[in-house]
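Have a look at the structure below before the remarks.
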Amino acid sequence: MTFSADLILKNAIVVSMDPQFNLYEPGAVVIRQQNIVAAGRQNEILQQYSAEQIMDCDGKILMPGMVNAHTHVPMTLLRGLADDLRLDVWLLGYMMPVEREFVSPDFVRLGTGLACAEMIRGGVTTFADMYYFEEDIAVATAQAGLRGICGQTVLKFPTPDAQSYEESLAYARDYIQRWKNHPLIIPAVAPHAPYTCTDEILRACAQLAIEMDVPLHIHLSETAQEVENMRREQGMPVIPFVKKLGLLDAKVIAAHCVHVDEGEMRTFQHYNTGIAHNPSSNLKLASGIAPVKKMLELGLNVGIGTDGPASNNDLDMFEEMRLASFLAKGSSGDPTALPALETLAMATSIGAKALHVGHLTGSIEAGKRADLILLDLTPVHNSPRFQRDPQGIYSQIVYAAKAMDVTDVMVNGQWLMRDRRLLTLNEEEMLREAEDYARRIDIFLIQREKSLLSKLLALGEATEEEESFEVQVKVPVESIAGIQERLLDPAFEILRTRHYREYDVYFNFPPPEESRLRYREDHFITPSGEVSRVRTRLTLLGPTREYSFPQKVLLSRSRYLATATQSLRFYREYFKPVSETEIEKERLRYLVRYQETEFFINLDHLHKPDLGNFLEIKSRTWSRKDAELKSRLVVEILEKLGASPQQTISQDYIELVNT
């Protein structure tokens, strides 16, 4: 008695990747609708099953499709945009500004289509994504016919698809509810990372994932700096921190996990957390090498991901397999580490388990979805073939096969590519549209690079323009104490006092740029001499123009302030100054009211360079008439404080240092 089916694939080297790692040569696979019915030796299969269609695989490898465990598919449209940068500069200085400007439903659908074409040609049948407008990504993925775990990104600041994290969460909930039972798409929630999300966001995302029984996709412990910052701010590394918030109670897909110790790995094991190892991306961004060998020894489910095509710069899982194996060997000093069979399992069956879809895909077994690829071993780069050791087939796949060797791809029982011809996508049309996006993004970045202000605004940090007219004058003084005594004069009403230690780094730029950028670190000093808090700010100082008011005290300049949320190193690499000037000073600042007008009076001692003591008086206004009045009052204040108006200096400290 024979059983009927829709399709039998015969005359293949069946690499099953099932729990026993069965190999069948010649082998055959039986498919009915979207499912695999049976796999085994060809003669046995043909005796037991009949089908409307029997396809001869010409001796090719028939294996489960690749599982790309972590990526950002729409970023195909940002491939090659900014390379050879540190992760924070790359992400915050280039990717996010361009995304804020260009990412839209149209952008993500096109980028997803391009990515699906690339992944189908490379034998990928399942991928885990994290990006914006994820429902549009899901639509494009389903149209292409691929299987996707599509995670809606949630961040603590505005994104292209939401003005707040509450809006992102609401979007995610609605999207998950409507896609929950789709045959190809598994909706997910994706809080970007602990350093871009608040505790509240992480808890809310975990609760949503648990309630809806969907995966939670997140970047964890990608860089040493991330881990160090978490230790400093929370008193613990990243993994204990997210465990404390309840994040690991969800079906977590943890991308990267480069900087984790054995204790954290055991935590992952306890919670059945899936890991996505991204070898190319981690090397390109110098994030490090994940301890994959140890993870696998402990029994963790570790898949392989390409990361996004803007940080890799491709979606080639064959390349990632080969590199993953070599990295494990090279970093451990053990050439037996991560052998070919185990590496292929990471890219298929183990990868599926890491994405919490091992019951659906990742191996050729009865009951699983028919997600299959055919691989041609006859090209010259994979010849000859030795057959004395059956395990040699895994070495051929991992160490010698290329993405171009994939000839046919099936997902959910449907062909997406036959004889290297895509059946569900129009590559030529998508490539034309992609070139148009590239042209527009080029124009945007060229315009941005023309001014420091544009680059500052592109970071998306809180930026405000201060008053245009600045009244400022300095006088060198012998004693600060003498000035303090004179401030007790009843003519001065002291409204507020502050004590700072200020550390300034000025970025200098070549002509025709006339502005300077100042990175300032203010240490607030208590009466007992302790540092109570530290504030960092960026100030973009436009060129000054002096006017002939008394003692040249009126200056006009544009001034933009922004909170410095990144490190000095970040701004140095982002703005690329030609030189830097450092100034360190001790400052006593008084906000006083004199003749119903407020002024800042600074008593400064410059330590670096050693320029001595200065009395500085400042006030700002939008009104030129008001500025003229204040410039006259400044001369009176100088005289009352015992300073000589004839010794006034209208320059900033940076101008004094550079003269």
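We name chains A, B, ... following the order of the structure tokens; residues begin at 1 in each chain, and ligands are numbered from 1 as shown.
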
Residues of segment 166-192 of chain A within 12 Å of segment 254-266 of chain A: nearest atom pair and distance (Å, one decimal) for each, counting only C-alpha atoms, sorted by chain and number, as a Markdown table?
```
| residue | atom | partner | partner_atom | distance |
| --- | --- | --- | --- | --- |
| A:Ala190 | CA | A:Ala254 | CA | 10.2 |
| A:Pro191 | CA | A:Ala254 | CA | 10.8 |
| A:His192 | CA | A:Ala255 | CA | 10.0 |
```

Now that the selection is made, can you save its residues with C-alpha atoms as a short mmCIF file (atom, residue, chain, number, x, y, z; two decimals), in the first residue's frame?
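Below is the file that was written, out.cif:
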```cif
data_model
loop_
_atom_site.label_atom_id
_atom_site.label_comp_id
_atom_site.auth_asym_id
_atom_site.auth_seq_id
_atom_site.Cartn_x
_atom_site.Cartn_y
_atom_site.Cartn_z
CA ALA A 190 11.72 44.18 20.01
CA PRO A 191 12.99 46.57 22.70
CA HIS A 192 16.20 47.68 21.01
#
```

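All residues of protein, DNA or RNA that reach within 8 Å of Phe570 of chain A, judged by only C-alpha atoms and not counting those fewer than 3 positions away in the chain, are A:Asp88, A:Val89, A:Gln566, A:Ser567, A:Glu573, A:Tyr574.
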
Counting only C-alpha atoms, what is within 10 Å of His359 of chain A, bar same-chain residues fewer than 4 positions away, as a PDB file with N, CA and C atoms, in the first residue's frame?
```
ATOM      1  N   SER A 349      19.011  23.780  12.455  1.00  0.00           N
ATOM      2  CA  SER A 349      18.156  23.252  13.527  1.00  0.00           C
ATOM      3  C   SER A 349      18.341  23.984  14.845  1.00  0.00           C
ATOM      4  N   ALA A 352      16.898  27.484  14.568  1.00  0.00           N
ATOM      5  CA  ALA A 352      15.431  27.500  14.682  1.00  0.00           C
ATOM      6  C   ALA A 352      15.003  27.442  16.139  1.00  0.00           C
ATOM      7  N   LYS A 353      15.694  26.613  16.938  1.00  0.00           N
ATOM      8  CA  LYS A 353      15.383  26.546  18.368  1.00  0.00           C
ATOM      9  C   LYS A 353      15.686  27.880  19.045  1.00  0.00           C
ATOM     10  N   SER A 363      14.925  21.532  10.238  1.00  0.00           N
ATOM     11  CA  SER A 363      15.382  20.178   9.921  1.00  0.00           C
ATOM     12  C   SER A 363      14.376  19.520   8.987  1.00  0.00           C
ATOM     13  N   GLY A 367       6.348  16.124   9.691  1.00  0.00           N
ATOM     14  CA  GLY A 367       5.554  17.030  10.505  1.00  0.00           C
ATOM     15  C   GLY A 367       6.034  18.463  10.476  1.00  0.00           C
ATOM     16  N   LYS A 368       7.277  18.677  10.060  1.00  0.00           N
ATOM     17  CA  LYS A 368       7.774  20.055   9.989  1.00  0.00           C
ATOM     18  C   LYS A 368       7.431  20.670   8.639  1.00  0.00           C
ATOM     19  N   ARG A 369       7.519  22.000   8.592  1.00  0.00           N
ATOM     20  CA  ARG A 369       7.202  22.705   7.361  1.00  0.00           C
ATOM     21  C   ARG A 369       8.250  22.386   6.293  1.00  0.00           C
TER      22      ARG A 369
END
```

Expected answer as a PDB file with C-alpha atoms, in the first residue's frame: alpha helix (DSSP H) residues in segment 80-219 of chain A:
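Here's the written file result18.pdb:
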```
ATOM      1  CA  LEU A  87      29.306  51.287  16.758  1.00  0.00           C
ATOM      2  CA  ASP A  88      28.019  54.404  18.546  1.00  0.00           C
ATOM      3  CA  MET A  96      19.610  57.046  13.048  1.00  0.00           C
ATOM      4  CA  PRO A  97      19.742  60.532  11.448  1.00  0.00           C
ATOM      5  CA  VAL A  98      19.196  59.030   7.996  1.00  0.00           C
ATOM      6  CA  GLU A  99      16.461  56.762   9.342  1.00  0.00           C
ATOM      7  CA  ARG A 100      14.653  59.712  10.933  1.00  0.00           C
ATOM      8  CA  GLU A 101      14.696  61.449   7.575  1.00  0.00           C
ATOM      9  CA  PHE A 102      13.857  58.604   5.198  1.00  0.00           C
ATOM     10  CA  PRO A 105       6.355  52.250   5.088  1.00  0.00           C
ATOM     11  CA  ASP A 106       7.508  52.540   1.459  1.00  0.00           C
ATOM     12  CA  PHE A 107      11.173  52.470   2.525  1.00  0.00           C
ATOM     13  CA  VAL A 108      10.819  49.332   4.655  1.00  0.00           C
ATOM     14  CA  ARG A 109       8.746  47.465   2.083  1.00  0.00           C
ATOM     15  CA  LEU A 110      11.330  48.100  -0.622  1.00  0.00           C
ATOM     16  CA  GLY A 111      14.264  47.313   1.674  1.00  0.00           C
ATOM     17  CA  THR A 112      12.572  44.121   2.820  1.00  0.00           C
ATOM     18  CA  GLY A 113      11.910  43.053  -0.761  1.00  0.00           C
ATOM     19  CA  LEU A 114      15.583  43.499  -1.661  1.00  0.00           C
ATOM     20  CA  ALA A 115      16.630  41.588   1.447  1.00  0.00           C
ATOM     21  CA  CYS A 116      14.239  38.748   0.703  1.00  0.00           C
ATOM     22  CA  ALA A 117      15.623  38.458  -2.816  1.00  0.00           C
ATOM     23  CA  GLU A 118      19.162  38.292  -1.450  1.00  0.00           C
ATOM     24  CA  MET A 119      18.246  35.783   1.258  1.00  0.00           C
ATOM     25  CA  ILE A 120      16.289  33.515  -1.104  1.00  0.00           C
ATOM     26  CA  ARG A 121      19.248  33.447  -3.489  1.00  0.00           C
ATOM     27  CA  GLU A 134       7.341  46.067  11.234  1.00  0.00           C
ATOM     28  CA  GLU A 135       3.883  45.298   9.927  1.00  0.00           C
ATOM     29  CA  ASP A 136       4.932  46.592   6.510  1.00  0.00           C
ATOM     30  CA  ILE A 137       7.996  44.366   6.772  1.00  0.00           C
ATOM     31  CA  ALA A 138       5.708  41.446   7.586  1.00  0.00           C
ATOM     32  CA  VAL A 139       3.568  42.218   4.530  1.00  0.00           C
ATOM     33  CA  ALA A 140       6.606  42.332   2.216  1.00  0.00           C
ATOM     34  CA  THR A 141       8.052  39.157   3.751  1.00  0.00           C
ATOM     35  CA  ALA A 142       4.808  37.243   3.319  1.00  0.00           C
ATOM     36  CA  GLN A 143       4.530  38.433  -0.277  1.00  0.00           C
ATOM     37  CA  ALA A 144       8.060  37.178  -0.946  1.00  0.00           C
ATOM     38  CA  TYR A 165       7.516  54.331  23.462  1.00  0.00           C
ATOM     39  CA  GLU A 166       3.863  54.137  24.524  1.00  0.00           C
ATOM     40  CA  GLU A 167       2.914  54.624  20.884  1.00  0.00           C
ATOM     41  CA  SER A 168       5.403  51.912  19.820  1.00  0.00           C
ATOM     42  CA  LEU A 169       3.997  49.484  22.376  1.00  0.00           C
ATOM     43  CA  ALA A 170       0.441  50.160  21.255  1.00  0.00           C
ATOM     44  CA  TYR A 171       1.509  49.638  17.644  1.00  0.00           C
ATOM     45  CA  ALA A 172       3.247  46.365  18.636  1.00  0.00           C
ATOM     46  CA  ARG A 173       0.199  45.059  20.504  1.00  0.00           C
ATOM     47  CA  ASP A 174      -2.158  45.795  17.625  1.00  0.00           C
ATOM     48  CA  TYR A 175       0.235  44.311  15.076  1.00  0.00           C
ATOM     49  CA  ILE A 176       0.788  41.136  17.127  1.00  0.00           C
ATOM     50  CA  GLN A 177      -2.932  40.586  17.607  1.00  0.00           C
ATOM     51  CA  ARG A 178      -3.612  40.748  13.863  1.00  0.00           C
ATOM     52  CA  TRP A 179      -0.674  38.563  12.739  1.00  0.00           C
ATOM     53  CA  ASP A 199      13.425  49.964  32.880  1.00  0.00           C
ATOM     54  CA  GLU A 200       9.741  50.678  32.338  1.00  0.00           C
ATOM     55  CA  ILE A 201      10.002  49.926  28.612  1.00  0.00           C
ATOM     56  CA  LEU A 202      11.837  46.649  29.181  1.00  0.00           C
ATOM     57  CA  ARG A 203       9.260  45.492  31.747  1.00  0.00           C
ATOM     58  CA  ALA A 204       6.350  46.480  29.522  1.00  0.00           C
ATOM     59  CA  CYS A 205       7.812  44.682  26.498  1.00  0.00           C
ATOM     60  CA  ALA A 206       8.409  41.529  28.550  1.00  0.00           C
ATOM     61  CA  GLN A 207       4.846  41.606  29.839  1.00  0.00           C
ATOM     62  CA  LEU A 208       3.498  42.050  26.313  1.00  0.00           C
ATOM     63  CA  ALA A 209       5.587  39.150  24.947  1.00  0.00           C
ATOM     64  CA  ILE A 210       4.495  36.866  27.788  1.00  0.00           C
ATOM     65  CA  GLU A 211       0.844  37.849  27.506  1.00  0.00           C
ATOM     66  CA  MET A 212       0.750  37.337  23.722  1.00  0.00           C
TER      67      MET A 212
END
```

- For Val592 of chain A, the nearest of the candidates A:Arg496, A:His607, A:His523, A:Arg418, counting only C-alpha atoms: A:Arg496

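Distances to Lys244 of chain A were evaluated for A:Ile350, A:Gly151, A:Thr267, A:Gly333 using only C-alpha atoms, and the minimum falls at A:Thr267.
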
- Query: Quick one: residues within 6 Å of segment 385-398 of chain A, only C-alpha atoms counted, chain neighbours fewer than 3 positions away excluded, as a count of residues only?
  - Reply: 4
